[in-house]
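S.K.: One file is attached below, coords_0.tsv, containing TSV, C-alpha atoms and all ligand atoms.
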```tsv
chain	number	residue	atom	x	y	z
A	26	MET	CA	73.71	-113.01	-30.29
A	27	ALA	CA	70.31	-113.58	-31.97
A	28	TYR	CA	70.89	-110.88	-34.54
A	29	GLN	CA	74.67	-111.34	-34.86
A	30	SER	CA	75.11	-111.72	-38.58
A	31	VAL	CA	77.18	-114.71	-39.64
A	32	PHE	CA	78.43	-113.10	-42.81
A	33	ARG	CA	78.49	-109.69	-44.41
A	34	THR	CA	78.65	-110.03	-48.14
A	35	GLY	CA	78.10	-106.37	-48.87
A	36	LEU	CA	75.41	-107.44	-51.33
A	37	PHE	CA	73.58	-104.14	-50.79
A	38	LYS	CA	76.62	-101.99	-50.03
A	39	GLY	CA	75.99	-98.33	-50.91
A	40	GLN	CA	72.25	-98.89	-51.28
A	41	VAL	CA	69.58	-97.17	-49.23
A	42	ALA	CA	66.63	-99.28	-48.09
A	43	LEU	CA	63.40	-97.99	-46.54
A	44	VAL	CA	61.44	-100.46	-44.42
A	45	THR	CA	58.03	-99.30	-43.19
A	46	GLY	CA	57.00	-100.86	-39.89
A	47	GLY	CA	60.72	-101.52	-39.41
A	48	GLY	CA	60.68	-101.12	-35.63
A	49	THR	CA	58.93	-104.38	-34.88
A	50	GLY	CA	58.43	-107.95	-36.03
A	51	ILE	CA	58.95	-108.86	-39.65
A	52	GLY	CA	60.00	-105.31	-40.60
A	53	ARG	CA	62.63	-105.24	-37.88
A	54	CYS	CA	64.01	-108.56	-39.05
A	55	VAL	CA	64.10	-107.37	-42.69
A	56	ALA	CA	65.94	-104.23	-41.54
A	57	HIS	CA	68.53	-106.34	-39.69
A	58	GLU	CA	69.08	-108.63	-42.63
A	59	LEU	CA	69.46	-105.78	-45.13
A	60	ALA	CA	71.83	-103.90	-42.82
A	61	SER	CA	73.93	-107.03	-42.28
A	62	LEU	CA	74.24	-107.26	-46.06
A	63	GLY	CA	75.55	-103.71	-46.33
A	64	ALA	CA	72.49	-101.53	-46.93
A	65	THR	CA	71.93	-98.26	-45.14
A	66	VAL	CA	68.51	-98.90	-43.66
A	67	VAL	CA	65.82	-96.36	-42.81
A	68	VAL	CA	63.15	-97.77	-40.51
A	69	ALA	CA	59.88	-95.83	-40.46
A	70	ALA	CA	56.64	-96.12	-38.48
A	71	ARG	CA	54.51	-94.12	-36.03
A	72	ARG	CA	56.18	-95.01	-32.69
A	73	ARG	CA	59.68	-93.69	-32.15
A	74	GLU	CA	60.76	-96.07	-29.37
A	75	PRO	CA	60.65	-99.40	-31.25
A	76	LEU	CA	62.32	-97.76	-34.25
A	77	GLU	CA	65.16	-96.42	-32.12
A	78	GLN	CA	65.57	-99.81	-30.47
A	79	THR	CA	65.94	-101.51	-33.87
A	80	CYS	CA	68.32	-98.80	-34.96
A	81	ARG	CA	70.48	-99.29	-31.85
A	82	GLU	CA	70.61	-103.05	-32.41
A	83	ILE	CA	71.71	-102.60	-36.01
A	84	THR	CA	74.31	-99.99	-35.14
A	85	GLU	CA	75.70	-102.17	-32.34
A	86	ASN	CA	76.05	-104.94	-34.92
A	87	GLY	CA	78.12	-102.66	-37.12
A	88	GLY	CA	75.33	-101.77	-39.56
A	89	GLN	CA	73.89	-98.41	-40.55
A	90	ALA	CA	70.33	-97.50	-39.63
A	91	HIS	CA	68.23	-94.36	-39.25
A	92	VAL	CA	64.81	-93.56	-37.88
A	93	GLU	CA	62.01	-91.66	-39.60
A	94	LEU	CA	58.49	-91.23	-38.27
A	95	VAL	CA	55.59	-91.82	-40.62
A	96	ASN	CA	51.91	-92.56	-40.64
A	97	ILE	CA	51.29	-94.31	-43.95
A	98	ARG	CA	47.61	-93.34	-43.72
A	99	ASP	CA	48.61	-89.69	-44.05
A	100	GLU	CA	49.70	-88.61	-47.53
A	101	GLU	CA	51.60	-85.57	-46.29
A	102	SER	CA	53.49	-87.62	-43.72
A	103	VAL	CA	54.48	-90.15	-46.42
A	104	ASP	CA	55.55	-87.38	-48.76
A	105	THR	CA	57.72	-85.88	-46.04
A	106	LEU	CA	59.25	-89.29	-45.28
A	107	ILE	CA	60.31	-89.93	-48.86
A	108	ARG	CA	61.58	-86.37	-49.35
A	109	ASN	CA	63.58	-86.66	-46.09
A	110	VAL	CA	65.17	-89.96	-47.13
A	111	VAL	CA	66.17	-88.61	-50.54
A	112	ALA	CA	67.43	-85.33	-49.00
A	113	LYS	CA	69.45	-87.06	-46.27
A	114	PHE	CA	70.89	-89.97	-48.25
A	115	GLY	CA	70.71	-88.73	-51.81
A	116	ARG	CA	69.04	-91.92	-53.02
A	117	LEU	CA	66.39	-94.57	-52.37
A	118	HIS	CA	67.06	-97.91	-54.03
A	119	LEU	CA	65.01	-100.38	-52.04
A	120	LEU	CA	61.53	-100.08	-50.50
A	121	VAL	CA	59.80	-102.65	-48.31
A	122	ASN	CA	56.13	-101.86	-47.66
A	123	ASN	CA	55.69	-103.91	-44.52
A	124	ALA	CA	53.62	-101.58	-42.29
A	125	GLY	CA	50.07	-102.77	-41.93
A	126	GLY	CA	47.66	-104.85	-39.96
A	127	GLN	CA	44.04	-105.35	-39.06
A	128	PHE	CA	41.79	-106.61	-36.30
A	129	LEU	CA	40.20	-110.01	-36.01
A	130	SER	CA	36.43	-110.05	-36.43
A	131	PRO	CA	33.66	-112.10	-37.98
A	132	ALA	CA	32.62	-110.27	-41.13
A	133	GLU	CA	29.12	-109.57	-39.81
A	134	ASN	CA	30.63	-107.45	-37.00
A	135	ILE	CA	32.92	-105.31	-39.17
A	136	SER	CA	31.46	-101.83	-39.47
A	137	VAL	CA	31.85	-99.83	-42.65
A	138	GLY	CA	34.29	-97.61	-40.76
A	139	GLY	CA	36.31	-100.65	-39.64
A	140	PHE	CA	36.45	-102.05	-43.16
A	141	ARG	CA	37.48	-98.66	-44.53
A	142	THR	CA	40.18	-98.28	-41.87
A	143	VAL	CA	41.85	-101.55	-42.82
A	144	LEU	CA	41.57	-100.83	-46.55
A	145	GLU	CA	43.08	-97.39	-45.97
A	146	LEU	CA	45.93	-98.69	-43.88
A	147	ASN	CA	46.95	-101.61	-46.04
A	148	ALA	CA	45.84	-100.82	-49.59
A	149	VAL	CA	45.78	-97.01	-49.74
A	150	GLY	CA	48.74	-96.75	-47.34
A	151	THR	CA	50.92	-99.06	-49.45
A	152	TRP	CA	49.90	-97.22	-52.61
A	153	THR	CA	50.72	-93.86	-51.01
A	154	VAL	CA	54.27	-95.00	-50.19
A	155	CYS	CA	54.81	-96.62	-53.61
A	156	ARG	CA	53.57	-93.49	-55.36
A	157	ALA	CA	55.73	-91.09	-53.34
A	158	ALA	CA	58.85	-93.26	-53.79
A	159	MET	CA	58.19	-93.38	-57.53
A	160	LEU	CA	57.58	-89.63	-57.86
A	161	HIS	CA	60.47	-88.44	-55.69
A	162	TRP	CA	63.17	-90.92	-56.72
A	163	MET	CA	62.42	-94.13	-58.57
A	164	LYS	CA	60.81	-92.68	-61.69
A	165	GLU	CA	64.14	-91.12	-62.58
A	166	HIS	CA	66.56	-93.59	-61.05
A	167	GLY	CA	64.75	-96.91	-60.84
A	168	GLY	CA	64.35	-98.99	-57.71
A	169	ILE	CA	63.10	-102.23	-56.24
A	170	ILE	CA	59.93	-102.59	-54.18
A	171	VAL	CA	58.56	-105.46	-52.12
A	172	ASN	CA	55.03	-105.28	-50.70
A	173	ILE	CA	54.09	-107.51	-47.78
A	174	VAL	CA	50.62	-108.97	-48.19
A	175	ALA	CA	49.09	-112.06	-46.52
A	176	ASP	CA	47.54	-115.42	-47.31
A	177	TYR	CA	44.39	-113.95	-48.85
A	178	PHE	CA	44.24	-116.36	-51.78
A	179	ASN	CA	41.13	-118.31	-50.83
A	180	GLY	CA	39.47	-115.57	-48.86
A	181	PHE	CA	40.42	-114.70	-45.27
A	182	PRO	CA	37.89	-115.83	-42.65
A	183	LEU	CA	37.72	-113.44	-39.68
A	184	MET	CA	39.68	-110.86	-41.65
A	185	ALA	CA	37.45	-110.00	-44.63
A	186	HIS	CA	38.81	-106.45	-44.67
A	187	THR	CA	42.46	-107.43	-44.80
A	188	GLY	CA	41.81	-110.17	-47.35
A	189	ALA	CA	40.29	-107.53	-49.62
A	190	ALA	CA	43.10	-105.07	-48.91
A	191	ARG	CA	45.91	-107.56	-49.50
A	192	ALA	CA	44.32	-108.79	-52.72
A	193	ALA	CA	44.22	-105.14	-53.81
A	194	VAL	CA	47.90	-104.69	-53.02
A	195	ASP	CA	48.88	-107.85	-54.86
A	196	ASN	CA	46.89	-106.79	-57.92
A	197	MET	CA	48.31	-103.27	-57.73
A	198	THR	CA	51.80	-104.84	-57.61
A	199	LYS	CA	51.12	-106.65	-60.87
A	200	THR	CA	49.86	-103.45	-62.51
A	201	LEU	CA	52.80	-101.36	-61.30
A	202	CYS	CA	55.18	-104.03	-62.58
A	203	GLN	CA	53.75	-103.48	-66.04
A	204	GLU	CA	53.46	-99.70	-65.87
A	205	TRP	CA	56.68	-98.87	-64.03
A	206	GLY	CA	59.06	-101.33	-65.66
A	207	LYS	CA	59.91	-98.54	-68.09
A	208	PHE	CA	61.28	-96.51	-65.15
A	209	GLY	CA	63.57	-99.37	-64.11
A	210	ILE	CA	61.34	-100.22	-61.18
A	211	ARG	CA	60.98	-103.87	-60.23
A	212	ILE	CA	58.14	-104.72	-57.84
A	213	ASN	CA	56.93	-107.93	-56.18
A	214	SER	CA	54.92	-109.00	-53.19
A	215	VAL	CA	55.52	-111.53	-50.42
A	216	ALA	CA	52.60	-113.33	-48.79
A	217	PRO	CA	53.47	-114.63	-45.33
A	218	GLY	CA	51.43	-117.42	-43.76
A	219	THR	CA	51.12	-117.38	-39.97
A	220	ILE	CA	54.41	-116.07	-38.65
A	221	ILE	CA	55.73	-116.02	-35.08
A	222	SER	CA	56.15	-112.27	-34.71
A	223	SER	CA	55.37	-109.29	-32.48
A	224	GLY	CA	52.19	-108.96	-34.51
A	225	MET	CA	50.71	-111.86	-32.53
A	226	GLN	CA	50.48	-109.54	-29.50
A	227	ASN	CA	47.54	-107.91	-31.25
A	228	TYR	CA	45.40	-111.00	-30.81
A	229	PRO	CA	43.56	-111.89	-27.60
A	230	PRO	CA	44.98	-114.76	-25.49
A	231	PRO	CA	42.39	-117.35	-26.65
A	232	VAL	CA	43.33	-116.65	-30.28
A	233	GLN	CA	47.02	-116.87	-29.43
A	234	GLN	CA	46.35	-120.20	-27.71
A	235	MET	CA	44.44	-121.43	-30.74
A	236	ILE	CA	47.36	-120.52	-33.00
A	237	THR	CA	50.10	-121.98	-30.79
A	238	GLY	CA	47.93	-124.95	-29.87
A	239	GLY	CA	48.01	-126.57	-33.25
A	240	PHE	CA	45.36	-124.80	-35.27
A	241	HIS	CA	47.87	-123.30	-37.63
A	242	THR	CA	50.27	-126.22	-37.66
A	243	GLU	CA	47.85	-128.02	-39.93
A	244	ASN	CA	49.88	-127.32	-43.02
A	245	PRO	CA	52.35	-129.28	-45.14
A	246	SER	CA	55.30	-127.99	-43.09
A	247	GLY	CA	53.65	-128.77	-39.74
A	248	ARG	CA	54.65	-125.52	-38.08
A	249	LEU	CA	54.36	-121.75	-38.04
A	250	GLY	CA	56.84	-119.55	-39.91
A	251	THR	CA	59.59	-117.29	-38.62
A	252	GLU	CA	60.33	-113.64	-39.27
A	253	ALA	CA	63.67	-114.65	-40.77
A	254	GLU	CA	61.94	-116.91	-43.29
A	255	VAL	CA	59.81	-114.01	-44.53
A	256	SER	CA	62.82	-111.67	-44.49
A	257	SER	CA	64.85	-114.12	-46.53
A	258	ALA	CA	62.27	-113.98	-49.32
A	259	VAL	CA	62.18	-110.18	-49.15
A	260	VAL	CA	65.97	-109.94	-49.29
A	261	TRP	CA	66.12	-112.31	-52.25
A	262	LEU	CA	63.49	-110.32	-54.17
A	263	LEU	CA	65.50	-107.14	-53.52
A	264	SER	CA	68.73	-108.80	-54.64
A	265	PRO	CA	70.28	-108.95	-58.12
A	266	GLY	CA	69.58	-112.70	-58.07
A	267	ALA	CA	65.89	-111.89	-58.52
A	268	ALA	CA	66.52	-109.43	-61.38
A	269	TYR	CA	64.07	-111.24	-63.68
A	270	VAL	CA	61.36	-111.72	-61.05
A	271	ASN	CA	58.81	-108.97	-61.53
A	272	GLY	CA	55.14	-108.71	-60.61
A	273	ALA	CA	55.27	-111.98	-58.70
A	274	CYS	CA	53.74	-112.89	-55.36
A	275	LEU	CA	55.99	-115.20	-53.37
A	276	ARG	CA	54.13	-117.23	-50.75
A	277	VAL	CA	56.13	-117.86	-47.57
A	278	ASP	CA	53.66	-120.02	-45.74
A	279	GLY	CA	55.00	-123.54	-45.52
A	280	GLY	CA	52.41	-124.55	-48.09
A	281	SER	CA	49.48	-123.59	-45.85
A	282	SER	CA	47.69	-121.73	-48.63
A	283	LEU	CA	47.45	-125.02	-50.52
A	284	SER	CA	45.84	-126.96	-47.73
A	285	LYS	CA	43.88	-124.58	-45.62
A	286	ALA	CA	41.58	-126.24	-43.12
A	287	ALA	CA	38.24	-124.54	-42.53
A	288	MET	CA	39.02	-121.78	-40.03
A	289	ILE	CA	35.44	-121.53	-38.83
A	290	PRO	CA	34.17	-124.70	-37.14
A	291	HIS	CA	30.97	-126.04	-38.66
A	292	PRO	CA	27.86	-126.41	-36.55
A	293	ASP	CA	26.05	-129.73	-36.44
A	294	ASP	CA	23.36	-128.27	-38.63
A	295	ILE	CA	24.39	-127.69	-42.18
A	296	PRO	CA	23.73	-124.08	-43.10
A	297	ILE	CA	23.87	-124.63	-46.84
A	298	LYS	CA	21.72	-127.58	-47.79
A	299	ALA	CA	23.01	-129.90	-50.50
A	300	PHE	CA	21.14	-129.83	-53.81
A	301	LEU	CA	20.00	-133.33	-54.68
A	302	GLY	CA	17.98	-132.65	-57.80
A	303	TYR	CA	14.47	-131.39	-58.56
A	304	SER	CA	13.17	-134.90	-59.02
A	305	ASP	CA	13.18	-137.32	-56.07
A	306	ALA	CA	14.85	-139.86	-58.34
A	307	SER	CA	17.75	-137.66	-59.39
A	308	CYS	CA	20.12	-138.35	-56.56
A	309	LEU	CA	18.54	-140.70	-54.07
A	310	GLY	CA	17.39	-144.29	-54.30
A	311	GLU	CA	19.25	-146.80	-56.45
A	312	ARG	CA	22.59	-145.39	-57.57
A	313	ASP	CA	25.84	-146.51	-59.07
A	314	ILE	CA	27.98	-145.15	-56.26
A	315	PRO	CA	29.68	-147.02	-53.36
A	316	PRO	CA	27.30	-147.59	-50.41
A	317	ALA	CA	29.18	-145.39	-47.94
A	318	PHE	CA	28.77	-142.43	-50.26
A	319	GLY	CA	25.10	-143.24	-50.72
A	320	GLU	CA	24.70	-143.13	-46.94
A	321	LEU	CA	26.35	-139.74	-46.89
A	322	LEU	CA	23.88	-138.43	-49.47
A	323	ALA	CA	21.01	-139.79	-47.45
A	324	GLN	CA	22.38	-137.99	-44.41
A	325	TYR	CA	22.61	-134.76	-46.37
A	326	ALA	CA	19.01	-135.17	-47.45
A	327	ALA	CA	17.85	-135.84	-43.90
A	328	LYS	CA	19.92	-133.19	-42.14
A	329	LYS	CA	18.06	-130.27	-40.77
A	330	THR	CA	19.25	-127.01	-42.11
A	331	THR	CA	19.58	-123.50	-40.73
A	332	SER	CA	19.20	-122.08	-44.22
A	333	LYS	CA	16.24	-119.75	-44.62
A	334	LEU	CA	16.25	-120.08	-48.40
B	401	LIG	C1	42.46	-116.87	-36.73
B	401	LIG	C2	43.86	-116.39	-36.55
B	401	LIG	C3	44.45	-115.90	-37.83
B	401	LIG	C4	45.87	-115.51	-37.66
B	401	LIG	C5	46.42	-115.11	-38.98
B	401	LIG	C6	47.50	-114.13	-38.84
B	401	LIG	C7	47.77	-113.41	-40.14
B	401	LIG	C8	48.07	-112.00	-39.96
B	401	LIG	C9	48.85	-111.58	-38.99
B	401	LIG	C10	49.19	-110.17	-38.84
B	401	LIG	O1	48.88	-109.31	-39.62
B	401	LIG	S1	50.08	-109.83	-37.46
B	401	LIG	C11	49.49	-108.28	-36.90
B	401	LIG	C12	50.09	-107.08	-37.46
B	401	LIG	N1	49.67	-105.96	-36.65
B	401	LIG	C13	48.35	-105.61	-36.53
B	401	LIG	O2	47.43	-106.15	-37.11
B	401	LIG	C14	48.01	-104.46	-35.63
B	401	LIG	C15	47.41	-103.46	-36.42
B	401	LIG	N2	46.14	-103.00	-35.91
B	401	LIG	C16	45.98	-101.71	-35.86
B	401	LIG	O3	46.93	-100.97	-36.09
B	401	LIG	C17	44.62	-101.21	-35.54
B	401	LIG	O4	43.84	-102.13	-34.89
B	401	LIG	C18	43.85	-100.75	-36.83
B	401	LIG	C19	43.42	-101.94	-37.63
B	401	LIG	C20	44.69	-99.89	-37.74
B	401	LIG	C21	42.68	-99.90	-36.37
B	401	LIG	O5	43.22	-98.85	-35.59
B	401	LIG	P1	42.55	-97.39	-35.50
B	401	LIG	O6	43.08	-96.73	-34.26
B	401	LIG	O7	42.65	-96.64	-36.76
B	401	LIG	O8	41.09	-97.78	-35.30
B	401	LIG	P2	39.92	-97.04	-34.60
B	401	LIG	O9	39.93	-95.57	-34.96
B	401	LIG	O10	39.92	-97.39	-33.16
B	401	LIG	O11	38.69	-97.73	-35.32
B	401	LIG	C22	38.39	-97.51	-36.69
B	401	LIG	C23	37.19	-98.35	-37.03
B	401	LIG	O12	37.57	-99.75	-36.92
B	401	LIG	C24	36.74	-100.40	-35.95
B	401	LIG	N3	37.54	-101.35	-35.16
B	401	LIG	C25	38.77	-101.15	-34.67
B	401	LIG	N4	39.18	-102.22	-33.98
B	401	LIG	C26	38.17	-103.11	-34.01
B	401	LIG	C27	37.98	-104.43	-33.48
B	401	LIG	N5	38.93	-105.02	-32.75
B	401	LIG	N6	36.82	-105.07	-33.73
B	401	LIG	C28	35.83	-104.49	-34.48
B	401	LIG	N7	35.97	-103.23	-35.01
B	401	LIG	C29	37.10	-102.57	-34.78
B	401	LIG	C30	36.25	-99.30	-35.05
B	401	LIG	O13	35.05	-99.66	-34.41
B	401	LIG	C31	36.06	-98.15	-36.02
B	401	LIG	O14	34.86	-98.33	-36.72
B	401	LIG	P3	33.78	-97.15	-36.86
B	401	LIG	O15	33.57	-96.60	-35.50
B	401	LIG	O16	34.43	-96.15	-37.79
B	401	LIG	O17	32.60	-97.81	-37.46
B	402	LIG	N1	52.76	-112.13	-38.45
B	402	LIG	C1	52.03	-112.71	-39.35
B	402	LIG	O1	51.62	-113.86	-39.20
B	402	LIG	C2	51.66	-111.99	-40.61
B	402	LIG	C3	51.91	-110.64	-40.80
B	402	LIG	N2	51.54	-110.05	-41.96
B	402	LIG	C4	51.82	-108.64	-42.20
B	402	LIG	O2	53.20	-108.39	-42.08
B	402	LIG	C5	53.42	-107.03	-41.67
B	402	LIG	C6	54.28	-107.02	-40.44
B	402	LIG	O3	53.57	-107.65	-39.39
B	402	LIG	P1	54.22	-108.14	-38.02
B	402	LIG	O4	55.65	-107.81	-37.98
B	402	LIG	O5	53.79	-109.51	-37.81
B	402	LIG	O6	53.37	-107.25	-37.00
B	402	LIG	P2	53.64	-105.85	-36.28
B	402	LIG	O7	52.35	-105.45	-35.67
B	402	LIG	O8	54.83	-105.97	-35.40
B	402	LIG	O9	54.01	-104.89	-37.49
B	402	LIG	C7	53.20	-103.89	-37.99
B	402	LIG	C8	54.08	-102.67	-38.17
B	402	LIG	O10	53.39	-101.72	-38.94
B	402	LIG	C9	53.57	-100.44	-38.35
B	402	LIG	N3	52.39	-99.64	-38.68
B	402	LIG	C10	51.09	-99.95	-38.44
B	402	LIG	N4	50.30	-98.97	-38.84
B	402	LIG	C11	51.11	-98.02	-39.36
B	402	LIG	C12	50.87	-96.75	-39.95
B	402	LIG	N5	49.65	-96.24	-40.06
B	402	LIG	N6	51.93	-96.02	-40.39
B	402	LIG	C13	53.18	-96.51	-40.27
B	402	LIG	N7	53.47	-97.71	-39.72
B	402	LIG	C14	52.44	-98.44	-39.27
B	402	LIG	C15	53.69	-100.69	-36.87
B	402	LIG	O11	54.46	-99.68	-36.21
B	402	LIG	P3	53.78	-98.46	-35.42
B	402	LIG	O12	52.65	-99.05	-34.64
B	402	LIG	O13	54.89	-97.90	-34.58
B	402	LIG	O14	53.33	-97.50	-36.47
B	402	LIG	C16	54.45	-102.01	-36.85
B	402	LIG	O15	55.83	-101.78	-36.80
B	402	LIG	C17	52.02	-106.44	-41.45
B	402	LIG	O16	51.59	-105.80	-42.62
B	402	LIG	C18	51.20	-107.69	-41.18
B	402	LIG	O17	49.85	-107.49	-41.34
B	402	LIG	C19	50.93	-110.72	-42.98
B	402	LIG	C20	50.66	-112.05	-42.83
B	402	LIG	C21	51.00	-112.78	-41.64
```
Before we go any further, please render this structure as structure tokens.

M.R.:
Amino acid sequence: MAYQSVFRTGLFKGQVALVTGGGTGIGRCVAHELASLGATVVVAARRREPLEQTCREITENGGQAHVELVNIRDEESVDTLIRNVVAKFGRLHLLVNNAGGQFLSPAENISVGGFRTVLELNAVGTWTVCRAAMLHWMKEHGGIIVNIVADYFNGFPLMAHTGAARAAVDNMTKTLCQEWGKFGIRINSVAPGTIISSGMQNYPPPVQQMITGGFHTENPSGRLGTEAEVSSAVVWLLSPGAAYVNGACLRVDGGSSLSKAAMIPHPDDIPIKAFLGYSDASCLGERDIPPAFGELLAQYAAKKTTSKL
């Protein structure tokens, strides 16, 4: 019943949609929503089983779905995917670049290889799919693309690699909007906040507990997001109703990117000592500020620091 669609408007009837990472999580939900609105959906990723499961669910619901295997880190595999879709269905109108991910790690423990892996998966991988879709179909016929990124806007503690990769994808989206508009290609990105999805299985139990235990509810909406909430934004951007939205990044995060709490707890020591002036008189002593703030400055001056500078 969970995926029983309540209405079928046929909004995307006759259109072919490719969703990478469409066997699980957000991609699976996007695939369901597009199929329930009439699109023929191709779900593509590395593992056949989850893709076939999604496909079965959609077909049982009366939609049309097909499976293709792809590794978006492999240019030849991506090329084959796009050629197969165009050969089998004769068209490719809609593309959702959802496949991606990373591992959680303090930046100081990310090796060069680890950083490169995440850049290659998310940034180069998304580019590879965009490029192949453009070359093999959209350059001649137009199309609509949505790239899934993440809340990278103020940096991404514990995920420096993915923050860099998602920023790259968002910027690439803006460039492609300007360069590929002439082909009739419209392209946007969606930046999910923390979403309750299969992706959470990738994090160790203590991290899962931290997320479910309130850490990520500290946002204006007071909760985590759902796959359907991200999918809804994707579907809208793919729809004619968003015809004049191009090169945008739509945040689906409950407002969390506006009010992000520090993700890394601070130690008692302050690692970056406050600057209080070169002269002793600059900031301390008699001042025209409320007393409580003066006390705070005095504390900053007295605090021991771990800084070696
Ligand atoms: C604080 C909580 C924040 C929550 C915010 C949530 C926001 C985001 C949510 C999501 O995105 S949901 C999750 C979506 N799904 C995933 O992220 C899973 C995807 N992960 C993967 O597919 C893989 O882990 C990977 C990132 C693609 C890497 O897989 P691959 O098999 O290619 O890696 P390896 O060949 O094993 O290693 C390559 C390279 O990377 C280093 N590395 C891999 N894993 C780790 C790790 N856990 N910690 C540190 N380093 C890691 C590995 O050592 C290799 O490095 P080198 O040997 O080359 O130096
Ligand atoms: N959940 C969240 O809070 C957030 C998620 N995101 C992003 O949203 C997207 C979907 O995540 P979510 O559904 O949560 O997590 P999932 O882990 O369920 O989704 C990741 C999908 O990407 C596919 N994938 C990974 N690597 C490749 C590859 N090399 N080639 C092809 N497909 C690949 C996986 O399939 P397979 O392993 O079979 O290849 C899987 O279906 C990801 O890009 C994620 O990083 C962004 C912000 C927040």

S.K.: Just how far from atom C24 of ligand LIG 401 (chain B) is atom CA of Cys155 of chain A, in Å to one decimal?

M.R.: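 Calculated distance between atom CA of Cys155 of chain A and atom C24 of ligand LIG 401 (chain B) is 25.5 Å.
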
S.K.: Counting only C-alpha atoms and all ligand atoms, which of A:Gln203, A:Ser257, A:Ser222, A:Asn213 gets nearest to ligand LIG 401 (chain B)?

M.R.: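 The closest residue to ligand LIG 401 (chain B) is A:Ser222.
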
S.K.: Give the residue list for ligand LIG 401 (chain B) at 8 Å, counting only C-alpha atoms and all ligand atoms, as a VMD selection string, sorted by chain and then by residue number.

M.R.: chain A and resid 125 to 130 134 to 143 146 175 to 176 182 to 184 217 to 220 222 to 228 232 to 233 235 to 236 288

S.K.: Between atom CA of Ser284 of chain A and atom CA of Asn179 of chain A, what is the spacing in Å?

M.R.: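 Interatomic distance here is 10.3 Å.
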
S.K.: Would you mind telling me which residue in A:Met197, A:Cys202, A:Ile221, A:Leu43 lies nearest to ligand LIG 402 (chain B) when using only C-alpha atoms and all ligand atoms?

M.R.: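 The closest residue to ligand LIG 402 (chain B) is A:Ile221.
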
S.K.: Mind working out the centre and edge lengths of an axis-aligned box for segment 219-235 of chain A, all listed atoms inside, 5 Å added to each side, rounded to one decimal in Å and written as AutoDock Vina command-line options?

M.R.:
```
--center_x 49.3 --center_y -114.7 --center_z -32.7 --size_x 23.8 --size_y 23.5 --size_z 24.5
```

S.K.: What is the distance, in Å and to one decimal place, between atom CA of Ala190 of chain A and atom CA of Leu120 of chain A?

M.R.: 19.2 Å

S.K.: Using only C-alpha atoms, can you tell me which of A:Asp104, A:Glu133, A:Glu165, A:Glu204 comes closest to Ala185 of chain A?

M.R.: A:Glu133
